[in-house]
Amino acid sequence: MISVLLILALLFGSLLLLWWSQERILFQPPRLLEQLPDSGRISYDAIDGQRLIGFIVGDPRRAPGVLLCFHGNADLAIWQLDWARLVERYTGYAVFLAEYRGYMSLGGTPTYSTTKLDARAAYDHLRITFGVDRTRLAYFGHSLGSAVAAELAEIHPPTALILQAPFSSARAMGRLIVWPALVLIWKTISRIHFDTRQVVAELDVPVSVAHGRRDRIIPFRMGVEVYEAAKTKGQLLVVEKAGHSDVAEVAGEDYWRWIAEALKPEPSPQPQAAPPPAPSR
C-alpha cells in the first residue's frame with residue numbers, strides 16, 4: 001500500500017510540475033547583451049497596457065506590402081535585422097519584427113495568452129499608426145512564431161501566411177518530450193493550445209512552408225503536415241541539408257525565391273468570355 005501511495009504521489013507531483021512549468025519550458029528569453037539600435041526601433045502598447053517594442057526595416061507607408069514577423073522561443077527580434085534587410089532587398093516589402101513581452105528586457109511574462117495580445121498589438125500598430133490595410137499585410141513566423149502568426153491570421157487574415165519550421169500543434173510537440181506514461185492524459189493537462197494544422201485548414205489565405213529535413217527541434221514531418229493541411233496552398237520549400245535555424249543560409253537563393261513567390265498576390269480570376277450567340281436560322 002505504501003508503495004502504491006508513493007507511486008501515486010510521484011505521478012501527481014509530476015503532473016502538477018508539468019502543468020505549472022509548461023510556459024517556462026516553451027518561452028526561453030535569451031539575455032540581451034547588445035545595445036539596442038535607435039534606427040527603426042518603435043514602441044507601442046498591448047491592450048492590457050504592456051509596453052512592447054519592435055523594429056521596422058523599410059517604409060511601411062510606401063512599400064508594396066509589409067511582412068509582420070514573429071520569432072521563435074529562444075530568439076530575439078533584434079537578431080533578425082540582417083534577415084529583414086535581405087527580405088526587403090529581394091521582395092521590396094517593408095518588414096516589422098515584433099517582440100514579445102518578457103523578451104529583450106521588456107517587462108511582463110510571456111505566456112500562451114499574452115502572445116495573442118502582443119501579436120494583436122503589432123497588427124494594430126501597423127494598421128493605425130502606419131495605415132497598412134489588409135491588402136498590403138502578410139505574416140511570417142519561425143518555429144514558435146509560426147503558431148503565433150497562424151493564430152493572428154485566424155482573426156485578422158493577411159494576404160499570405162509564411163511559416164518556417166512550423167510545428168503541427170503544441171500538444172503534438174508536447175508528446176515528444178513528456179514522460180511516455182503521461183501521453184494518454186497530456187491533452188487534459190496541456191494548457192497551451194497552439195494548433196497550426198487546424199488553423200491553416202480553415203484559412204482562405206495562401207500558406208507557404210519551409211522546413212529543413214535535418215531539423216532536430218521540430219520534426220520535418222510536422223512542417224509537411226501543416227502544408228498538406230492548408231486549405232489554400234502556397235509555396236513549399238524542403239531544404240535537404242538544413243536544420244532548425246539555418247534554412248535561409250543552406251537554401252541560399254532558393255530561400256529568397258520561396259519568400260518572393262509566397263508574397264506574390266494571387267492572380268485574380270479571369271472573367272469568363274460570353275458564349276457566342278447561337279446562329280440565327
# chains A, B, ... in the order shown; residues from 1 in each chain; ligands from 1
>>> select_by_dssp(residues="range 41-137 of chain A", states="strand (DSSP E)", output="PDB file with C-alpha atoms, in the first residue's frame")
ATOM      1  CA  ARG A  41      13.056  50.859 -33.314  1.00  0.00           C
ATOM      2  CA  ILE A  42       9.454  51.587 -32.363  1.00  0.00           C
ATOM      3  CA  SER A  43       7.427  51.342 -29.165  1.00  0.00           C
ATOM      4  CA  TYR A  44       3.755  50.534 -28.773  1.00  0.00           C
ATOM      5  CA  ASP A  45       1.358  49.147 -26.154  1.00  0.00           C
ATOM      6  CA  ARG A  51       4.865  48.226 -23.266  1.00  0.00           C
ATOM      7  CA  LEU A  52       6.324  46.488 -26.327  1.00  0.00           C
ATOM      8  CA  ILE A  53       8.974  47.237 -28.924  1.00  0.00           C
ATOM      9  CA  GLY A  54       9.738  46.146 -32.452  1.00  0.00           C
ATOM     10  CA  PHE A  55      11.932  47.012 -35.403  1.00  0.00           C
ATOM     11  CA  ILE A  56      10.947  48.224 -38.838  1.00  0.00           C
ATOM     12  CA  VAL A  57      13.067  47.825 -41.952  1.00  0.00           C
ATOM     13  CA  VAL A  66       4.556  44.817 -45.100  1.00  0.00           C
ATOM     14  CA  LEU A  67       5.700  41.491 -43.638  1.00  0.00           C
ATOM     15  CA  LEU A  68       4.820  41.194 -39.936  1.00  0.00           C
ATOM     16  CA  CYS A  69       7.234  38.701 -38.329  1.00  0.00           C
ATOM     17  CA  PHE A  70       7.246  36.608 -35.149  1.00  0.00           C
ATOM     18  CA  ALA A  94       8.917  46.525 -45.528  1.00  0.00           C
ATOM     19  CA  VAL A  95       9.457  44.236 -42.531  1.00  0.00           C
ATOM     20  CA  PHE A  96       8.140  44.639 -38.975  1.00  0.00           C
ATOM     21  CA  LEU A  97       9.943  42.463 -36.413  1.00  0.00           C
ATOM     22  CA  ALA A  98       7.619  42.216 -33.423  1.00  0.00           C
ATOM     23  CA  LEU A 137      -0.082  42.880 -44.992  1.00  0.00           C
TER      24      LEU A 137
END
>>> closest_atom_pairs(of="range 36-95 of chain A", to="range 239-261 of chain A", cutoff="8 Å", atoms="only C-alpha atoms", output="JSON lines")
{"residue": "A:Val87", "atom": "CA", "partner": "A:Trp256", "partner_atom": "CA", "distance": 7.4}
{"residue": "A:Tyr90", "atom": "CA", "partner": "A:Trp256", "partner_atom": "CA", "distance": 6.7}
{"residue": "A:Thr91", "atom": "CA", "partner": "A:Ala260", "partner_atom": "CA", "distance": 5.5}
>>> residues_around(residues="Leu263 in chain A", least_positions_apart="5", cutoff="9 Å", atoms="only C-alpha atoms", output="VMD selection string")
chain A and resid 65 67 91 93 138 159 to 162 258
>>> write_last_selection(atoms="C-alpha atoms", output="compact mmCIF listing (two decimals), in the first residue's frame")
# COMPACT_ATOMS: atom_id res chain seq x y z
CA GLY A 65 3.46 45.46 -48.68
CA LEU A 67 5.70 41.49 -43.64
CA THR A 91 10.90 41.46 -52.26
CA TYR A 93 8.40 44.58 -48.74
CA ALA A 138 1.49 39.39 -44.83
CA THR A 159 -2.64 38.29 -47.88
CA ALA A 160 -0.18 35.46 -47.21
CA LEU A 161 0.98 33.32 -44.27
CA ILE A 162 4.63 32.23 -44.44
CA TRP A 258 10.50 30.99 -51.96
>>> residues_around(residues="Leu144 in chain A", least_positions_apart="5", cutoff="9 Å", atoms="only C-alpha atoms", output="ChimeraX atom specification")
/A:26-27,70-73,149,165-167
>>> atom_distance(atom1="CA of Ser168 in chain A", atom2="CA of Gly223 in chain A")
6.9 Å
>>> closest_residue(among="A:Phe194, A:Phe130, A:Tyr112, A:Trp83", to="Glu154 in chain A", atoms="only C-alpha atoms")
A:Phe194
>>> closest_residue(among="A:Arg221, A:Thr109, A:Thr196, A:Leu163", to="Gly234 in chain A", atoms="only C-alpha atoms")
A:Leu163
>>> atom_distance(atom1="CA of Gln198 in chain A", atom2="CA of Glu99 in chain A")
25.0 Å
>>> select_by_dssp(residues="range 14-196 of chain A", states="helix (DSSP H, G or I)", output="number ranges by chain")
A: 14-26, 77-91, 112-129, 134-136, 144-155, 170-177, 180-189, 196
>>> residues_around(residues="Ser105 in chain A", least_positions_apart="6", cutoff="12 Å", atoms="only C-alpha atoms", output="list in words")
Pro29, Pro30, Arg31, Leu32, Leu33, Glu34, Gln35, Leu36, Arg51, Leu52, Ile53, Leu76, Ala77, Ile78 and Glu99 of chain A
>>> decode(residues="range 64-197 of chain A", atoms="C-alpha atoms", output="PDB file, in the first residue's frame")
ATOM      1  CA  PRO A  64       4.153  47.461 -51.834  1.00  0.00           C
ATOM      2  CA  GLY A  65       3.465  45.458 -48.683  1.00  0.00           C
ATOM      3  CA  VAL A  66       4.556  44.817 -45.100  1.00  0.00           C
ATOM      4  CA  LEU A  67       5.700  41.491 -43.638  1.00  0.00           C
ATOM      5  CA  LEU A  68       4.820  41.194 -39.936  1.00  0.00           C
ATOM      6  CA  CYS A  69       7.234  38.701 -38.329  1.00  0.00           C
ATOM      7  CA  PHE A  70       7.246  36.608 -35.149  1.00  0.00           C
ATOM      8  CA  HIS A  71      10.384  34.805 -33.971  1.00  0.00           C
ATOM      9  CA  GLY A  72      10.983  31.546 -32.102  1.00  0.00           C
ATOM     10  CA  ASN A  73      11.019  30.819 -28.382  1.00  0.00           C
ATOM     11  CA  ALA A  74      14.756  31.322 -27.742  1.00  0.00           C
ATOM     12  CA  ASP A  75      15.311  34.144 -30.195  1.00  0.00           C
ATOM     13  CA  LEU A  76      15.079  37.941 -30.285  1.00  0.00           C
ATOM     14  CA  ALA A  77      13.622  40.373 -32.804  1.00  0.00           C
ATOM     15  CA  ILE A  78      16.859  42.342 -32.903  1.00  0.00           C
ATOM     16  CA  TRP A  79      18.738  39.251 -34.116  1.00  0.00           C
ATOM     17  CA  GLN A  80      16.548  39.150 -37.233  1.00  0.00           C
ATOM     18  CA  LEU A  81      17.542  42.571 -38.562  1.00  0.00           C
ATOM     19  CA  ASP A  82      20.015  41.278 -41.162  1.00  0.00           C
ATOM     20  CA  TRP A  83      17.428  38.761 -42.365  1.00  0.00           C
ATOM     21  CA  ALA A  84      14.811  41.532 -42.573  1.00  0.00           C
ATOM     22  CA  ARG A  85      17.100  43.688 -44.718  1.00  0.00           C
ATOM     23  CA  LEU A  86      17.505  40.807 -47.149  1.00  0.00           C
ATOM     24  CA  VAL A  87      13.730  40.308 -47.270  1.00  0.00           C
ATOM     25  CA  GLU A  88      13.319  43.957 -48.210  1.00  0.00           C
ATOM     26  CA  ARG A  89      16.042  43.707 -50.839  1.00  0.00           C
ATOM     27  CA  TYR A  90      14.602  40.609 -52.504  1.00  0.00           C
ATOM     28  CA  THR A  91      10.900  41.455 -52.262  1.00  0.00           C
ATOM     29  CA  GLY A  92      10.544  45.220 -51.805  1.00  0.00           C
ATOM     30  CA  TYR A  93       8.398  44.580 -48.738  1.00  0.00           C
ATOM     31  CA  ALA A  94       8.917  46.525 -45.528  1.00  0.00           C
ATOM     32  CA  VAL A  95       9.457  44.236 -42.531  1.00  0.00           C
ATOM     33  CA  PHE A  96       8.140  44.639 -38.975  1.00  0.00           C
ATOM     34  CA  LEU A  97       9.943  42.463 -36.413  1.00  0.00           C
ATOM     35  CA  ALA A  98       7.619  42.216 -33.423  1.00  0.00           C
ATOM     36  CA  GLU A  99       8.883  41.371 -29.930  1.00  0.00           C
ATOM     37  CA  TYR A 100       7.107  39.508 -27.123  1.00  0.00           C
ATOM     38  CA  ARG A 101       6.800  40.735 -23.550  1.00  0.00           C
ATOM     39  CA  GLY A 102       9.468  39.298 -21.262  1.00  0.00           C
ATOM     40  CA  TYR A 103      11.988  39.358 -24.108  1.00  0.00           C
ATOM     41  CA  MET A 104      14.707  41.910 -24.806  1.00  0.00           C
ATOM     42  CA  SER A 105      14.474  43.388 -21.284  1.00  0.00           C
ATOM     43  CA  LEU A 106      10.764  44.104 -21.653  1.00  0.00           C
ATOM     44  CA  GLY A 107       8.585  43.713 -18.588  1.00  0.00           C
ATOM     45  CA  GLY A 108       5.900  41.098 -18.199  1.00  0.00           C
ATOM     46  CA  THR A 109       5.897  37.328 -18.517  1.00  0.00           C
ATOM     47  CA  PRO A 110       5.373  35.586 -21.859  1.00  0.00           C
ATOM     48  CA  THR A 111       2.513  33.086 -21.870  1.00  0.00           C
ATOM     49  CA  TYR A 112       0.259  31.420 -24.393  1.00  0.00           C
ATOM     50  CA  SER A 113      -2.423  34.038 -23.705  1.00  0.00           C
ATOM     51  CA  THR A 114      -0.114  37.057 -23.848  1.00  0.00           C
ATOM     52  CA  THR A 115       1.286  36.100 -27.256  1.00  0.00           C
ATOM     53  CA  LYS A 116      -2.190  36.764 -28.619  1.00  0.00           C
ATOM     54  CA  LEU A 117      -2.197  40.226 -27.055  1.00  0.00           C
ATOM     55  CA  ASP A 118       1.317  41.013 -28.278  1.00  0.00           C
ATOM     56  CA  ALA A 119       0.607  39.856 -31.829  1.00  0.00           C
ATOM     57  CA  ARG A 120      -2.609  41.860 -31.933  1.00  0.00           C
ATOM     58  CA  ALA A 121      -0.743  44.934 -30.653  1.00  0.00           C
ATOM     59  CA  ALA A 122       1.790  44.699 -33.504  1.00  0.00           C
ATOM     60  CA  TYR A 123      -1.045  44.278 -36.009  1.00  0.00           C
ATOM     61  CA  ASP A 124      -2.942  47.274 -34.608  1.00  0.00           C
ATOM     62  CA  HIS A 125       0.186  49.419 -34.646  1.00  0.00           C
ATOM     63  CA  LEU A 126       0.738  48.744 -38.332  1.00  0.00           C
ATOM     64  CA  ARG A 127      -2.896  49.398 -39.162  1.00  0.00           C
ATOM     65  CA  ILE A 128      -3.410  52.526 -37.064  1.00  0.00           C
ATOM     66  CA  THR A 129      -0.010  54.227 -36.965  1.00  0.00           C
ATOM     67  CA  PHE A 130       1.219  53.362 -40.450  1.00  0.00           C
ATOM     68  CA  GLY A 131      -2.100  52.972 -42.245  1.00  0.00           C
ATOM     69  CA  VAL A 132      -1.309  49.483 -43.554  1.00  0.00           C
ATOM     70  CA  ASP A 133      -4.520  47.768 -44.663  1.00  0.00           C
ATOM     71  CA  ARG A 134      -5.060  44.048 -45.041  1.00  0.00           C
ATOM     72  CA  THR A 135      -4.363  44.066 -48.780  1.00  0.00           C
ATOM     73  CA  ARG A 136      -0.744  45.037 -48.044  1.00  0.00           C
ATOM     74  CA  LEU A 137      -0.082  42.880 -44.992  1.00  0.00           C
ATOM     75  CA  ALA A 138       1.485  39.394 -44.833  1.00  0.00           C
ATOM     76  CA  TYR A 139       2.663  37.368 -41.816  1.00  0.00           C
ATOM     77  CA  PHE A 140       5.837  35.367 -41.227  1.00  0.00           C
ATOM     78  CA  GLY A 141       6.595  33.054 -38.321  1.00  0.00           C
ATOM     79  CA  HIS A 142       9.565  30.886 -37.428  1.00  0.00           C
ATOM     80  CA  SER A 143       9.222  27.926 -35.055  1.00  0.00           C
ATOM     81  CA  LEU A 144       7.066  29.120 -32.113  1.00  0.00           C
ATOM     82  CA  GLY A 145       6.411  32.295 -34.112  1.00  0.00           C
ATOM     83  CA  SER A 146       4.722  30.225 -36.812  1.00  0.00           C
ATOM     84  CA  ALA A 147       1.968  29.341 -34.334  1.00  0.00           C
ATOM     85  CA  VAL A 148       1.661  32.961 -33.191  1.00  0.00           C
ATOM     86  CA  ALA A 149       1.375  34.129 -36.803  1.00  0.00           C
ATOM     87  CA  ALA A 150      -1.193  31.455 -37.627  1.00  0.00           C
ATOM     88  CA  GLU A 151      -3.421  32.367 -34.683  1.00  0.00           C
ATOM     89  CA  LEU A 152      -3.294  36.045 -35.658  1.00  0.00           C
ATOM     90  CA  ALA A 153      -4.195  35.070 -39.238  1.00  0.00           C
ATOM     91  CA  GLU A 154      -7.231  33.233 -37.902  1.00  0.00           C
ATOM     92  CA  ILE A 155      -8.607  36.513 -36.509  1.00  0.00           C
ATOM     93  CA  HIS A 156      -7.130  39.017 -38.975  1.00  0.00           C
ATOM     94  CA  PRO A 157      -6.435  37.253 -42.281  1.00  0.00           C
ATOM     95  CA  PRO A 158      -3.381  38.579 -44.171  1.00  0.00           C
ATOM     96  CA  THR A 159      -2.637  38.294 -47.881  1.00  0.00           C
ATOM     97  CA  ALA A 160      -0.176  35.461 -47.211  1.00  0.00           C
ATOM     98  CA  LEU A 161       0.978  33.315 -44.275  1.00  0.00           C
ATOM     99  CA  ILE A 162       4.626  32.226 -44.443  1.00  0.00           C
ATOM    100  CA  LEU A 163       5.800  29.622 -41.938  1.00  0.00           C
ATOM    101  CA  GLN A 164       9.354  28.417 -41.376  1.00  0.00           C
ATOM    102  CA  ALA A 165       9.899  25.244 -39.350  1.00  0.00           C
ATOM    103  CA  PRO A 166       6.317  25.161 -38.009  1.00  0.00           C
ATOM    104  CA  PHE A 167       5.038  22.553 -35.579  1.00  0.00           C
ATOM    105  CA  SER A 168       1.677  20.941 -36.220  1.00  0.00           C
ATOM    106  CA  SER A 169       0.373  21.620 -32.701  1.00  0.00           C
ATOM    107  CA  ALA A 170       1.691  22.333 -29.226  1.00  0.00           C
ATOM    108  CA  ARG A 171       0.175  19.123 -27.932  1.00  0.00           C
ATOM    109  CA  ALA A 172       1.910  17.096 -30.642  1.00  0.00           C
ATOM    110  CA  MET A 173       5.210  18.719 -29.658  1.00  0.00           C
ATOM    111  CA  GLY A 174       4.486  18.038 -26.009  1.00  0.00           C
ATOM    112  CA  ARG A 175       4.025  14.342 -26.687  1.00  0.00           C
ATOM    113  CA  LEU A 176       7.602  14.238 -27.967  1.00  0.00           C
ATOM    114  CA  ILE A 177       9.062  15.378 -24.660  1.00  0.00           C
ATOM    115  CA  VAL A 178       6.734  14.217 -21.872  1.00  0.00           C
ATOM    116  CA  TRP A 179       7.180  11.000 -19.935  1.00  0.00           C
ATOM    117  CA  PRO A 180       5.554   8.208 -22.023  1.00  0.00           C
ATOM    118  CA  ALA A 181       3.248   7.272 -19.153  1.00  0.00           C
ATOM    119  CA  LEU A 182       1.709  10.759 -19.320  1.00  0.00           C
ATOM    120  CA  VAL A 183       0.980  10.782 -23.051  1.00  0.00           C
ATOM    121  CA  LEU A 184      -2.564   9.476 -22.588  1.00  0.00           C
ATOM    122  CA  ILE A 185      -3.510  12.360 -20.293  1.00  0.00           C
ATOM    123  CA  TRP A 186      -1.381  15.047 -21.943  1.00  0.00           C
ATOM    124  CA  LYS A 187      -4.412  16.521 -23.721  1.00  0.00           C
ATOM    125  CA  THR A 188      -6.104  17.037 -20.366  1.00  0.00           C
ATOM    126  CA  ILE A 189      -3.242  18.771 -18.588  1.00  0.00           C
ATOM    127  CA  SER A 190      -1.909  20.790 -21.535  1.00  0.00           C
ATOM    128  CA  ARG A 191      -2.981  24.431 -21.393  1.00  0.00           C
ATOM    129  CA  ILE A 192      -1.036  25.636 -24.440  1.00  0.00           C
ATOM    130  CA  HIS A 193      -3.393  25.208 -27.350  1.00  0.00           C
ATOM    131  CA  PHE A 194      -1.462  26.262 -30.444  1.00  0.00           C
ATOM    132  CA  ASP A 195      -2.851  24.135 -33.292  1.00  0.00           C
ATOM    133  CA  THR A 196      -1.372  25.407 -36.546  1.00  0.00           C
ATOM    134  CA  ARG A 197      -2.513  22.448 -38.627  1.00  0.00           C
TER     135      ARG A 197
END
